[in-house]
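Peer 1: Before I ask anything, let me first share the structure, which is written out below as structure tokens.
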Amino acid sequence: SPSVKKGDAWEKYAFWPPCGNSLSGAHYLGRIMVLVGSAASELANLSVVNSMRSGSESLKTLVGAARERCVSAVSAAWVPDAERCRYMELWQRHPERRDLTTMPGTFIAFEEKVLSGMQKIAYISEAVTVGGKGGDVVVPPSAKLLQTIRGGFVTSLYKALSGMVENAEKGSTGEARDDDPDGITLPAGAEARGDGEVVLLDSRNEVSWLSTLHSSHLLTNPKKVRFLITLSNLAHLRSEIIPQLISQFESSFSVKLTDESKTIRDVLSQIHAR
């Protein structure tokens with residue numbers, strides 16, 4: 001018997017697997033749209049299609065409808081996935097930027113992949129268009145479709161930023177361990193011992209690295225550490241990560257996010273005020 005529908009976004013699309021995510025969806029649907037666009041372009045040049053009254057126009061409508069549904073499906077999963085970005089926070093320091101955790105780098109990698117996939121779906125840029133009427137069936141996306149992508153992008157940023165603040169306030173699945181002397185997760189295989197001594201064990205369970213932390217370096221309240229490092233992460237996002245993502249969006253979709261950029265800055269200010 002068919003499963004009971006719960007109102008989830010993926011239930012609207014037969015091609016979308018249950019609980020599908022935007023990352024894999026943008027990747028695979030982008031590849032599918034390349035096949036759809038290439039096939040439609042080839043079909044448009046067949047004599048049997050040209051003999052029909054609305055042959056090429058029907059193919060153009062087909063490509064447009066497939067593209068719109070793909071964008072809608074990925075956009076529907078994008079925002080919930082951004083809400084789950086808070087679970088990317090493991091409270092591990094960035095290997096090169098000790099004032100940050102690994103969260104900002106993981107977040108920008110996620111957003112860049114989704115944006116790249118959405119660009120391929122929207123423009124079908126990798127489709128092989130054949131001369132003649134083949135180029136008429138694969139056209140640039142409509143303003144309405146681009147607005148859908150813009151909305152998903154801005155909302156995903158807001159949800160991810162809100163999740164970071166929630167992590168700092170309530171903790172996350174990456175909660176700092178009791179044996180972590182500075183409130184940030186130690187490397188795998190590391191353990192803290194008495195008197196602030198931290199050792200790193202190798203594969204043979206032998207000490208390969210040792211560091212002594214003075215008592216003045218010990219922080220007894222990990223929550224304060226989370227607040228401070230979250231502020232540092234947010235500052236990094238505001239100055240580097242968010243502008244980089246906005247620049248990628250504008251270059252990928254040939255639009256200016258003037259109003260959206262202001263909205264994002266206002267959101268960052270509100271979060272900082274919290």
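Chain identifiers are assigned as A, B, and so on, following the order in which chains appear in the structure tokens; residues are numbered from 1 within each chain, and ligands are numbered from 1 in order of appearance.
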Enumerate as an MDAnalysis selection string all residues of region 217-268 of chain A assigned to alpha helix (DSSP H) by DSSP on the backbone, naming them with the chain letters and numbers the document uses.
Peer 2: chainID A and resid 222:236 242:253 258:268
Peer 1: Got a sec: who's within 7 Å of region 58-62 of chain A, counting only C-alpha atoms, leaving out chain neighbours fewer than 6 positions off, as an mmCIF file with all heavy atoms, in the first residue's frame?
Peer 2:
data_model
loop_
_atom_site.group_PDB
_atom_site.id
_atom_site.type_symbol
_atom_site.label_atom_id
_atom_site.label_comp_id
_atom_site.auth_asym_id
_atom_site.auth_seq_id
_atom_site.Cartn_x
_atom_site.Cartn_y
_atom_site.Cartn_z
ATOM 1 N N ALA A 40 16.531 17.323 -26.579
ATOM 2 C CA ALA A 40 15.544 18.224 -27.182
ATOM 3 C C ALA A 40 16.154 18.989 -28.351
ATOM 4 O O ALA A 40 15.491 19.232 -29.367
ATOM 5 C CB ALA A 40 15.020 19.199 -26.127
ATOM 6 N N VAL A 137 15.435 25.698 -28.489
ATOM 7 C CA VAL A 137 14.689 24.990 -27.437
ATOM 8 C C VAL A 137 15.354 25.115 -26.073
ATOM 9 O O VAL A 137 14.712 24.899 -25.045
ATOM 10 C CB VAL A 137 14.509 23.500 -27.811
ATOM 11 C CG1 VAL A 137 13.705 23.364 -29.087
ATOM 12 C CG2 VAL A 137 15.833 22.797 -27.936
ATOM 13 N N VAL A 138 16.638 25.435 -26.057
ATOM 14 C CA VAL A 138 17.346 25.636 -24.778
ATOM 15 C C VAL A 138 17.611 27.130 -24.639
ATOM 16 O O VAL A 138 18.541 27.677 -25.229
ATOM 17 C CB VAL A 138 18.666 24.847 -24.726
ATOM 18 C CG1 VAL A 138 19.372 25.093 -23.396
ATOM 19 C CG2 VAL A 138 18.420 23.359 -24.923
#
Peer 1: Smallest atom-to-atom distance to Ser72 (chain A): which of A:Arg226, A:Arg31, A:Arg93, A:Arg150, using only C-alpha atoms?
Peer 2: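 Selected residue with least distance to Ser72 (chain A): A:Arg150.
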Peer 1: Please identify all polymer residues within 10 Å of Gly105 (chain A), counting only C-alpha atoms, omitting same-chain residues fewer than 2 positions from it, and present them as a ChimeraX atom specification.
Peer 2: /A:94,100-103,107-110,233,237,241
Peer 1: Those selected residues, please, written with C-alpha atoms and delivered as a short mmCIF file (atom, residue, chain, number, x, y, z; two decimals), in the first residue's frame.
Peer 2:
data_model
loop_
_atom_site.label_atom_id
_atom_site.label_comp_id
_atom_site.auth_asym_id
_atom_site.auth_seq_id
_atom_site.Cartn_x
_atom_site.Cartn_y
_atom_site.Cartn_z
CA HIS A 94 40.34 25.40 12.02
CA LEU A 100 37.70 29.86 14.00
CA THR A 101 36.13 26.43 13.96
CA THR A 102 35.79 24.25 10.86
CA MET A 103 32.13 25.28 10.49
CA PHE A 107 29.32 25.82 5.17
CA ILE A 108 30.82 27.67 2.21
CA ALA A 109 31.70 24.34 0.55
CA PHE A 110 28.05 23.29 0.89
CA ASN A 233 32.94 32.71 13.06
CA LEU A 237 31.33 35.03 7.58
CA ILE A 241 32.42 34.10 3.37
#
Peer 1: Contacts of Leu231 (chain A) at 10 Å or less, counting only C-alpha atoms, minus same-chain residues fewer than 3 places along, as a PyMOL selection string?
Peer 2: chain A and resi 99-100+164-165+168+225-228+234-237+271-272
Peer 1: Any chance you could export the current selection's all heavy atoms as a compact mmCIF listing (two decimals), in the first residue's frame?
Peer 2:
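See selection-v4.txt below for the written result:
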# COMPACT_ATOMS: atom_id res chain seq x y z
N ASP A 99 41.35 31.05 15.51
CA ASP A 99 40.24 31.81 16.08
C ASP A 99 38.91 31.36 15.51
O ASP A 99 37.86 31.90 15.87
CB ASP A 99 40.43 33.30 15.83
CG ASP A 99 40.56 33.62 14.33
OD1 ASP A 99 41.14 32.78 13.60
OD2 ASP A 99 40.08 34.68 13.92
N LEU A 100 38.92 30.36 14.63
CA LEU A 100 37.70 29.86 14.00
C LEU A 100 37.56 28.37 14.23
O LEU A 100 38.52 27.67 14.57
CB LEU A 100 37.74 30.12 12.48
CG LEU A 100 37.97 31.55 11.99
CD1 LEU A 100 38.13 31.54 10.47
CD2 LEU A 100 36.82 32.46 12.41
N MET A 164 23.85 28.71 13.73
CA MET A 164 25.12 28.92 14.42
C MET A 164 24.90 29.55 15.79
O MET A 164 25.52 29.16 16.79
CB MET A 164 26.04 29.80 13.57
CG MET A 164 26.57 29.14 12.32
SD MET A 164 27.60 30.25 11.34
CE MET A 164 28.91 30.59 12.52
N VAL A 165 24.02 30.54 15.83
CA VAL A 165 23.72 31.19 17.10
C VAL A 165 23.05 30.22 18.06
O VAL A 165 23.35 30.18 19.26
CB VAL A 165 22.83 32.43 16.88
CG1 VAL A 165 22.45 33.07 18.20
CG2 VAL A 165 23.55 33.44 15.99
N ALA A 168 25.56 28.06 19.75
CA ALA A 168 26.28 28.73 20.83
C ALA A 168 25.43 28.84 22.09
O ALA A 168 25.94 28.74 23.21
CB ALA A 168 26.71 30.12 20.37
N VAL A 225 33.18 29.81 25.80
CA VAL A 225 34.06 29.58 24.66
C VAL A 225 33.24 29.51 23.38
O VAL A 225 33.62 30.06 22.34
CB VAL A 225 34.88 28.29 24.85
CG1 VAL A 225 35.76 28.02 23.63
CG2 VAL A 225 35.74 28.38 26.10
N ARG A 226 32.11 28.81 23.44
CA ARG A 226 31.24 28.70 22.27
C ARG A 226 30.75 30.08 21.82
O ARG A 226 30.71 30.38 20.63
CB ARG A 226 30.04 27.79 22.57
CG ARG A 226 30.41 26.33 22.74
CD ARG A 226 29.18 25.45 22.59
NE ARG A 226 28.16 25.74 23.59
CZ ARG A 226 28.04 25.12 24.74
NH1 ARG A 226 28.90 24.18 25.06
NH2 ARG A 226 27.08 25.43 25.58
N PHE A 227 30.38 30.92 22.78
CA PHE A 227 29.94 32.27 22.43
C PHE A 227 31.05 33.04 21.72
O PHE A 227 30.83 33.66 20.68
CB PHE A 227 29.50 33.03 23.68
CG PHE A 227 28.05 32.86 24.02
CD1 PHE A 227 27.66 32.34 25.24
CD2 PHE A 227 27.07 33.23 23.12
CE1 PHE A 227 26.31 32.18 25.56
CE2 PHE A 227 25.72 33.08 23.42
CZ PHE A 227 25.35 32.55 24.65
N LEU A 228 32.24 33.01 22.29
CA LEU A 228 33.34 33.78 21.74
C LEU A 228 33.73 33.30 20.35
O LEU A 228 33.95 34.09 19.43
CB LEU A 228 34.55 33.70 22.69
CG LEU A 228 34.39 34.42 24.02
CD1 LEU A 228 35.59 34.13 24.93
CD2 LEU A 228 34.26 35.93 23.80
N LEU A 234 31.13 34.32 13.03
CA LEU A 234 30.19 35.25 12.39
C LEU A 234 30.92 36.43 11.76
O LEU A 234 30.57 36.89 10.68
CB LEU A 234 29.17 35.75 13.42
CG LEU A 234 28.10 34.73 13.85
CD1 LEU A 234 27.30 35.29 15.02
CD2 LEU A 234 27.17 34.41 12.69
N ALA A 235 31.95 36.93 12.45
CA ALA A 235 32.74 38.03 11.89
C ALA A 235 33.43 37.60 10.60
O ALA A 235 33.50 38.36 9.63
CB ALA A 235 33.76 38.51 12.91
N HIS A 236 33.92 36.36 10.60
CA HIS A 236 34.58 35.82 9.40
C HIS A 236 33.57 35.65 8.27
O HIS A 236 33.87 35.97 7.11
CB HIS A 236 35.23 34.48 9.74
CG HIS A 236 35.93 33.83 8.60
ND1 HIS A 236 37.01 34.40 7.96
CD2 HIS A 236 35.70 32.65 7.95
CE1 HIS A 236 37.43 33.60 6.99
NE2 HIS A 236 36.65 32.54 6.96
N LEU A 237 32.38 35.18 8.61
CA LEU A 237 31.33 35.03 7.58
C LEU A 237 30.94 36.39 7.01
O LEU A 237 30.76 36.53 5.80
CB LEU A 237 30.10 34.35 8.21
CG LEU A 237 30.20 32.85 8.44
CD1 LEU A 237 29.13 32.39 9.41
CD2 LEU A 237 30.07 32.09 7.13
N ILE A 271 21.67 39.29 14.41
CA ILE A 271 22.24 38.13 15.10
C ILE A 271 23.34 38.57 16.05
O ILE A 271 23.44 38.10 17.18
CB ILE A 271 22.77 37.11 14.06
CG1 ILE A 271 21.62 36.46 13.32
CG2 ILE A 271 23.61 36.04 14.75
CD1 ILE A 271 22.05 35.55 12.20
N HIS A 272 24.17 39.52 15.61
CA HIS A 272 25.23 40.02 16.47
C HIS A 272 24.66 40.70 17.71
O HIS A 272 25.20 40.58 18.82
CB HIS A 272 26.12 41.00 15.70
CG HIS A 272 27.29 41.47 16.46
ND1 HIS A 272 28.42 40.69 16.67
CD2 HIS A 272 27.54 42.66 17.11
CE1 HIS A 272 29.30 41.36 17.38
NE2 HIS A 272 28.80 42.56 17.66
